[in-house]
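Shown next: run22.txt, given as compact mmCIF, C-alpha atoms and all ligand atoms.
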```txt
# COMPACT_ATOMS: atom_id res chain seq x y z
CA MET A 96 25.96 96.76 -108.39
CA THR A 97 25.83 93.53 -106.41
CA ARG A 98 22.88 91.24 -105.94
CA ARG A 99 22.71 92.46 -102.33
CA ASN A 100 22.22 96.08 -103.34
CA PRO A 101 19.28 97.14 -101.11
CA TRP A 102 18.05 99.55 -103.81
CA LEU A 103 17.95 96.78 -106.39
CA ILE A 104 16.46 93.99 -104.28
CA PRO A 105 12.94 95.52 -104.25
CA TYR A 106 13.07 95.74 -108.04
CA GLN A 107 14.13 92.12 -108.34
CA ARG A 108 11.32 90.97 -106.08
CA LEU A 109 8.69 93.13 -107.77
CA ALA A 110 9.83 92.07 -111.24
CA ALA A 111 9.78 88.40 -110.19
CA ARG A 112 6.19 88.78 -108.97
CA HIS A 113 4.74 90.98 -111.70
CA GLY A 114 6.96 90.65 -114.79
CA PRO A 115 7.38 93.37 -117.44
CA GLN A 116 4.99 96.32 -117.09
CA HIS A 117 5.33 97.60 -120.68
CA TRP A 118 5.28 101.27 -119.72
CA TRP A 119 4.49 104.03 -120.60
CA PRO A 120 1.02 103.46 -122.03
CA GLY A 121 1.15 105.60 -125.18
CA GLU A 122 1.50 104.90 -128.89
CA THR A 123 3.91 107.75 -129.70
CA PRO A 124 6.43 109.91 -127.81
CA PHE A 125 4.05 112.85 -128.16
CA GLU A 126 1.19 110.85 -126.64
CA VAL A 127 3.50 109.96 -123.73
CA MET A 128 4.31 113.65 -123.24
CA VAL A 129 0.63 114.58 -123.28
CA GLY A 130 -0.12 111.78 -120.82
CA ALA A 131 2.65 112.98 -118.50
CA VAL A 132 0.94 116.38 -118.25
CA LEU A 133 -2.61 115.06 -118.03
CA THR A 134 -1.82 112.54 -115.29
CA GLN A 135 -0.94 115.26 -112.81
CA ASN A 136 -3.29 114.92 -109.82
CA THR A 137 -5.59 112.37 -111.40
CA ALA A 138 -5.97 108.65 -111.98
CA TRP A 139 -4.75 107.14 -115.23
CA THR A 140 -8.24 105.97 -116.20
CA ASN A 141 -9.25 109.64 -116.46
CA VAL A 142 -6.20 110.37 -118.61
CA GLU A 143 -7.17 107.55 -120.97
CA ARG A 144 -10.59 109.13 -121.51
CA ALA A 145 -9.03 112.54 -122.15
CA ILE A 146 -6.52 111.10 -124.62
CA ALA A 147 -9.30 109.21 -126.40
CA ASN A 148 -11.15 112.52 -126.78
CA LEU A 149 -8.02 114.19 -128.17
CA LYS A 150 -7.55 111.37 -130.67
CA ALA A 151 -11.18 111.48 -131.76
CA ALA A 152 -10.93 115.24 -132.29
CA GLY A 153 -7.66 115.01 -134.22
CA LEU A 154 -5.90 116.89 -131.43
CA LEU A 155 -3.18 114.43 -130.50
CA ASP A 156 -0.74 116.47 -132.50
CA CYS A 157 1.46 119.37 -131.47
CA ALA A 158 0.41 121.76 -134.25
CA ALA A 159 -3.26 120.85 -133.81
CA ILE A 160 -3.13 121.62 -130.10
CA LEU A 161 -1.49 124.98 -130.75
CA ALA A 162 -4.15 125.86 -133.31
CA CYS A 163 -7.04 124.73 -131.11
CA PRO A 164 -9.06 127.35 -129.20
CA ASP A 165 -8.41 127.08 -125.46
CA ALA A 166 -12.03 126.29 -124.59
CA GLU A 167 -12.19 123.50 -127.16
CA LEU A 168 -8.97 121.93 -125.90
CA ALA A 169 -10.13 122.20 -122.30
CA ALA A 170 -13.43 120.51 -123.18
CA ALA A 171 -11.59 117.61 -124.84
CA ILE A 172 -9.43 116.94 -121.78
CA ARG A 173 -12.19 117.56 -119.25
CA PRO A 174 -12.11 113.93 -117.92
CA ALA A 175 -8.53 114.51 -116.68
CA GLY A 176 -9.65 117.24 -114.27
CA TYR A 177 -8.18 120.75 -113.82
CA PHE A 178 -8.92 120.95 -117.52
CA ASN A 179 -8.42 124.69 -117.98
CA VAL A 180 -5.06 124.58 -116.22
CA LYS A 181 -3.99 121.46 -118.07
CA ALA A 182 -5.05 122.92 -121.43
CA GLY A 183 -2.70 125.82 -120.74
CA ARG A 184 0.06 123.40 -119.75
CA LEU A 185 -0.38 121.34 -122.91
CA LYS A 186 -0.16 124.48 -125.00
CA ALA A 187 2.97 125.58 -123.13
CA LEU A 188 4.58 122.21 -123.79
CA CYS A 189 3.60 122.36 -127.47
CA ARG A 190 4.97 125.90 -127.78
CA PHE A 191 8.23 124.64 -126.30
CA LEU A 192 8.39 121.78 -128.83
CA ALA A 193 7.58 124.15 -131.69
CA GLU A 194 10.23 126.63 -130.58
CA ARG A 195 12.72 123.76 -130.56
CA GLY A 196 11.68 122.86 -134.10
CA VAL A 197 10.47 119.37 -133.15
CA ALA A 198 6.70 119.84 -133.28
CA ALA A 199 6.34 117.20 -136.00
CA ALA A 200 8.70 114.72 -134.33
CA PRO A 201 9.03 115.48 -130.59
CA GLU A 202 11.29 112.45 -130.06
CA ARG A 203 14.03 114.39 -131.88
CA LEU A 204 14.31 116.53 -128.77
CA ALA A 205 16.53 113.80 -127.32
CA GLY A 206 19.28 114.54 -129.82
CA GLN A 207 19.28 118.30 -129.34
CA ALA A 208 21.19 118.62 -126.08
CA GLY A 209 22.54 116.74 -123.11
CA GLN A 210 20.09 115.22 -120.65
CA ALA A 211 20.71 117.78 -117.91
CA GLU A 212 20.16 120.67 -120.32
CA LEU A 213 16.97 119.12 -121.68
CA ARG A 214 15.70 118.55 -118.15
CA ASP A 215 16.34 122.19 -117.24
CA ALA A 216 14.57 123.30 -120.42
CA LEU A 217 11.55 121.12 -119.64
CA LEU A 218 11.42 122.40 -116.07
CA ALA A 219 11.23 125.93 -117.45
CA VAL A 220 7.98 125.07 -119.27
CA SER A 221 4.91 126.25 -117.37
CA GLY A 222 3.35 123.40 -115.39
CA VAL A 223 6.21 120.94 -115.86
CA GLY A 224 7.65 119.87 -112.52
CA PRO A 225 10.34 117.27 -111.80
CA GLU A 226 8.06 114.22 -112.03
CA THR A 227 6.57 115.35 -115.35
CA ALA A 228 9.98 116.31 -116.75
CA ASP A 229 11.52 112.99 -115.75
CA SER A 230 8.55 111.05 -117.11
CA ILE A 231 9.02 112.81 -120.46
CA LEU A 232 12.78 112.23 -120.45
CA LEU A 233 12.49 108.55 -119.55
CA TYR A 234 9.34 107.37 -121.26
CA ALA A 235 9.05 109.70 -124.27
CA LEU A 236 12.72 110.32 -125.02
CA GLY A 237 14.35 107.14 -123.72
CA LEU A 238 16.84 108.95 -121.47
CA PRO A 239 17.96 107.57 -118.08
CA SER A 240 16.19 109.88 -115.64
CA PHE A 241 14.67 108.07 -112.65
CA VAL A 242 11.07 109.10 -111.96
CA VAL A 243 10.09 109.71 -108.33
CA ASP A 244 6.51 109.98 -107.14
CA ALA A 245 4.42 109.80 -103.98
CA TYR A 246 4.29 105.99 -104.21
CA THR A 247 8.09 105.90 -104.20
CA ARG A 248 8.38 108.09 -101.14
CA ARG A 249 5.78 106.16 -99.14
CA ALA A 250 6.99 102.66 -99.96
CA TYR A 251 10.72 103.35 -99.61
CA ALA A 252 10.23 105.11 -96.29
CA ARG A 253 8.38 102.02 -95.07
CA LEU A 254 11.12 99.78 -96.45
CA GLY A 255 13.61 101.80 -94.41
CA LEU A 256 15.56 103.15 -97.38
CA LEU A 257 14.24 106.71 -97.00
CA ARG A 258 13.41 108.88 -94.01
CA GLY A 259 10.40 110.17 -95.93
CA ASP A 260 11.20 113.86 -95.75
CA GLU A 261 13.83 113.95 -98.50
CA SER A 262 13.37 116.26 -101.47
CA TYR A 263 12.51 114.94 -104.92
CA ALA A 264 16.10 115.56 -106.02
CA GLU A 265 17.55 113.73 -103.02
CA ILE A 266 15.40 110.66 -103.64
CA GLN A 267 16.22 110.64 -107.34
CA THR A 268 19.93 110.92 -106.57
CA LEU A 269 19.76 107.99 -104.15
CA PHE A 270 18.14 105.73 -106.74
CA GLU A 271 20.46 106.83 -109.54
CA ARG A 272 23.56 106.48 -107.35
CA HIS A 273 22.68 102.92 -106.39
CA LEU A 274 21.43 101.64 -109.75
CA ALA A 275 23.08 101.04 -113.10
CA ARG A 276 22.34 103.93 -115.46
CA ASP A 277 19.99 101.86 -117.56
CA VAL A 278 16.87 103.13 -119.32
CA GLY A 279 15.19 99.72 -119.30
CA LEU A 280 15.80 99.30 -115.58
CA TYR A 281 14.53 102.80 -114.75
CA ASN A 282 11.50 102.24 -116.97
CA GLU A 283 10.47 98.98 -115.34
CA TYR A 284 11.43 99.99 -111.81
CA HIS A 285 9.22 103.07 -111.70
CA ALA A 286 6.33 101.18 -113.28
CA LEU A 287 6.69 98.44 -110.66
CA ILE A 288 6.79 100.98 -107.82
CA VAL A 289 3.53 102.48 -109.09
CA ARG A 290 2.01 99.00 -109.11
CA LEU A 291 3.32 98.41 -105.58
CA GLY A 292 1.77 101.68 -104.42
CA LYS A 293 -1.59 100.89 -105.97
CA GLU A 294 -1.88 97.23 -105.04
CA HIS A 295 0.01 96.78 -101.78
CA CYS A 296 1.78 99.78 -100.28
CA ARG A 297 -1.39 101.85 -100.11
CA PRO A 298 -2.10 104.40 -97.37
CA ARG A 299 -3.36 101.37 -95.42
CA PRO A 300 -0.78 98.82 -96.54
CA ARG A 301 -1.72 95.31 -97.60
CA CYS A 302 1.42 93.63 -96.33
CA PRO A 303 0.45 89.94 -96.11
CA ASP A 304 0.50 89.54 -99.90
CA CYS A 305 3.20 92.15 -100.65
CA PRO A 306 6.23 90.92 -102.64
CA LEU A 307 8.46 93.01 -100.35
CA LYS A 308 7.18 91.91 -96.95
CA GLU A 309 10.30 89.83 -96.15
CA ILE A 310 12.58 92.85 -96.62
CA CYS A 311 10.31 95.57 -95.21
CA ARG A 312 10.80 97.16 -91.79
CA HIS A 313 7.19 98.29 -91.72
CA ALA A 314 5.59 94.97 -92.74
CA LEU A 315 2.48 94.25 -90.71
S1 LIG B 1 5.36 95.04 -96.73
FE1 LIG B 1 3.68 96.49 -96.36
S2 LIG B 1 4.64 98.43 -95.78
FE2 LIG B 1 6.23 97.12 -96.69
S3 LIG B 1 6.29 97.71 -98.87
FE3 LIG B 1 4.86 95.99 -98.71
S4 LIG B 1 2.83 96.90 -98.39
FE4 LIG B 1 4.37 98.51 -98.00
```
So that I can check it, write out the structure of this file as structure tokens.
Ligand code: SF4
Amino acid sequence: MTRRNPWLIPYQRLAARHGPQHWWPGETPFEVMVGAVLTQNTAWTNVERAIANLKAAGLLDCAAILACPDAELAAAIRPAGYFNVKAGRLKALCRFLAERGVAAAPERLAGQAGQAELRDALLAVSGVGPETADSILLYALGLPSFVVDAYTRRAYARLGLLRGDESYAEIQTLFERHLARDVGLYNEYHALIVRLGKEHCRPRPRCPDCPLKEICRHAL
């Protein structure tokens, strides 16, 4: 991977501007997994309130979630939106962890199988799509699975590295093919892309102050 790698240059520029992002916000691998489910279709500030409720209720624990009545769990995560659906998804994830025998230590999932097999198993859990599965693999289990999201698609289409109509898998393959297979790099890169999407490459882009404006085809 040379310094002129067009897939690495945005990372270098974003990292130079913003520094380490210290992702994922979560004190334990299980909290990261819960956050990865709760963050679907909502802002992170709402997830933080839902996780605070779970902590206060003693529910940030796989066995506790499985034992909790559905309505009670849904009420605790209400701030995250779609709370009935997400309560079901959290229970499905916890059932999966329990069936794997890792309810008490979900991080042990990483040692149970190869990354591709674990990813397939996660994708088979109700409500876990590619972005959630990859977030769990990367940020909870420390495995090199690049996370793609809407911010990635929008910014990299504007940069000229994507057409914008590629599938999730195609975009992930492009990143992984052009980057060293490095958990730390994947971790920081996705976090920096999220920051780019929130601060600069918004639906109405704020190009004049963007760290990528000199390399962007779409820069205004
Ligand atoms: S220069 Fe503008 S369009 Fe390009 S990445 Fe930055 S904010 Fe997005």
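Candidate residues A:Trp118, A:Tyr263, A:Phe125, A:Tyr246 were compared for distance to ligand LIG 1 (chain B), and the nearest is A:Tyr246, using all atoms listed in the file.
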Please report as JSON lines every residue of chain A lying within 6 Å of ligand LIG 1 (chain B), along with the nearest atom pair and their distance in Å (one decimal), using all atoms listed in the file.
```
{"residue": "A:Ala250", "atom": "CA", "partner": "B:LIG1", "partner_atom": "S3", "distance": 5.1}
{"residue": "A:Arg253", "atom": "CA", "partner": "B:LIG1", "partner_atom": "S2", "distance": 5.2}
{"residue": "A:Leu254", "atom": "CA", "partner": "B:LIG1", "partner_atom": "FE2", "distance": 5.6}
{"residue": "A:His295", "atom": "CA", "partner": "B:LIG1", "partner_atom": "S4", "distance": 4.4}
{"residue": "A:Cys296", "atom": "CA", "partner": "B:LIG1", "partner_atom": "S4", "distance": 3.6}
{"residue": "A:Pro300", "atom": "CA", "partner": "B:LIG1", "partner_atom": "S4", "distance": 4.5}
{"residue": "A:Arg301", "atom": "CA", "partner": "B:LIG1", "partner_atom": "S4", "distance": 4.9}
{"residue": "A:Cys302", "atom": "CA", "partner": "B:LIG1", "partner_atom": "FE1", "distance": 3.6}
{"residue": "A:Cys305", "atom": "CA", "partner": "B:LIG1", "partner_atom": "FE3", "distance": 4.6}
{"residue": "A:Leu307", "atom": "CA", "partner": "B:LIG1", "partner_atom": "FE3", "distance": 5.0}
{"residue": "A:Lys308", "atom": "CA", "partner": "B:LIG1", "partner_atom": "S1", "distance": 3.6}
{"residue": "A:Cys311", "atom": "CA", "partner": "B:LIG1", "partner_atom": "FE2", "distance": 4.6}
{"residue": "A:His313", "atom": "CA", "partner": "B:LIG1", "partner_atom": "S2", "distance": 4.8}
{"residue": "A:Ala314", "atom": "CA", "partner": "B:LIG1", "partner_atom": "S1", "distance": 4.0}
```
Using C-alpha atoms, can you export the residues from the last selection as a PDB file, in the frame of the given file?
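This went into result-v3.pdb:
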```pdb
ATOM      1  CA  ALA A 250       6.990 102.660 -99.960  1.00  0.00           C
ATOM      2  CA  ARG A 253       8.380 102.020 -95.070  1.00  0.00           C
ATOM      3  CA  LEU A 254      11.120  99.780 -96.450  1.00  0.00           C
ATOM      4  CA  HIS A 295       0.010  96.780-101.780  1.00  0.00           C
ATOM      5  CA  CYS A 296       1.780  99.780-100.280  1.00  0.00           C
ATOM      6  CA  PRO A 300      -0.780  98.820 -96.540  1.00  0.00           C
ATOM      7  CA  ARG A 301      -1.720  95.310 -97.600  1.00  0.00           C
ATOM      8  CA  CYS A 302       1.420  93.630 -96.330  1.00  0.00           C
ATOM      9  CA  CYS A 305       3.200  92.150-100.650  1.00  0.00           C
ATOM     10  CA  LEU A 307       8.460  93.010-100.350  1.00  0.00           C
ATOM     11  CA  LYS A 308       7.180  91.910 -96.950  1.00  0.00           C
ATOM     12  CA  CYS A 311      10.310  95.570 -95.210  1.00  0.00           C
ATOM     13  CA  HIS A 313       7.190  98.290 -91.720  1.00  0.00           C
ATOM     14  CA  ALA A 314       5.590  94.970 -92.740  1.00  0.00           C
TER      15      ALA A 314
END
```
Requested in this report: Would you list the contacts of Arg276 of chain A as a list of chain:residue names, taking every protein, DNA or RNA residue within 9 Å and counting only C-alpha atoms, but skipping same-chain residues closer than 3 positions in sequence?
Outcome: A:Pro239, A:Ser240, A:Glu271, A:Arg272, A:Leu280, A:Tyr281
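Our summary of the geometry notes that atom CA of His285 of chain A is positioned 14.8 Å from atom CA of Ala111 of chain A.
Remark: for Val223 of chain A, the closest of the candidate residues A:Ala131, A:Ala152, A:Val242, A:Ala235 is A:Ala131 (distances computed over only C-alpha atoms).
Restricting the calculation to only C-alpha atoms, the smallest distance between Cys157 of chain A and any of A:Gly224, A:Gly209, A:Pro201, A:Gly237 is found for A:Pro201.
We find atom CA of Asn141 of chain A and atom CA of Gln267 of chain A to be spaced 27.1 Å apart.
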Report task. Determine, counting all atoms listed in the file, which protein, DNA and RNA residues have an atom within 10 Å of an atom of Glu126 of chain A; residues of the same chain fewer than 6 positions away are not included. Present the result as number ranges by chain. Result -> A: 119-120, 146, 149-150, 155-157, 201, 235
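The spacing separating atom CA of Ala252 of chain A from atom CA of Gln210 of chain A amounts to 28.2 Å.
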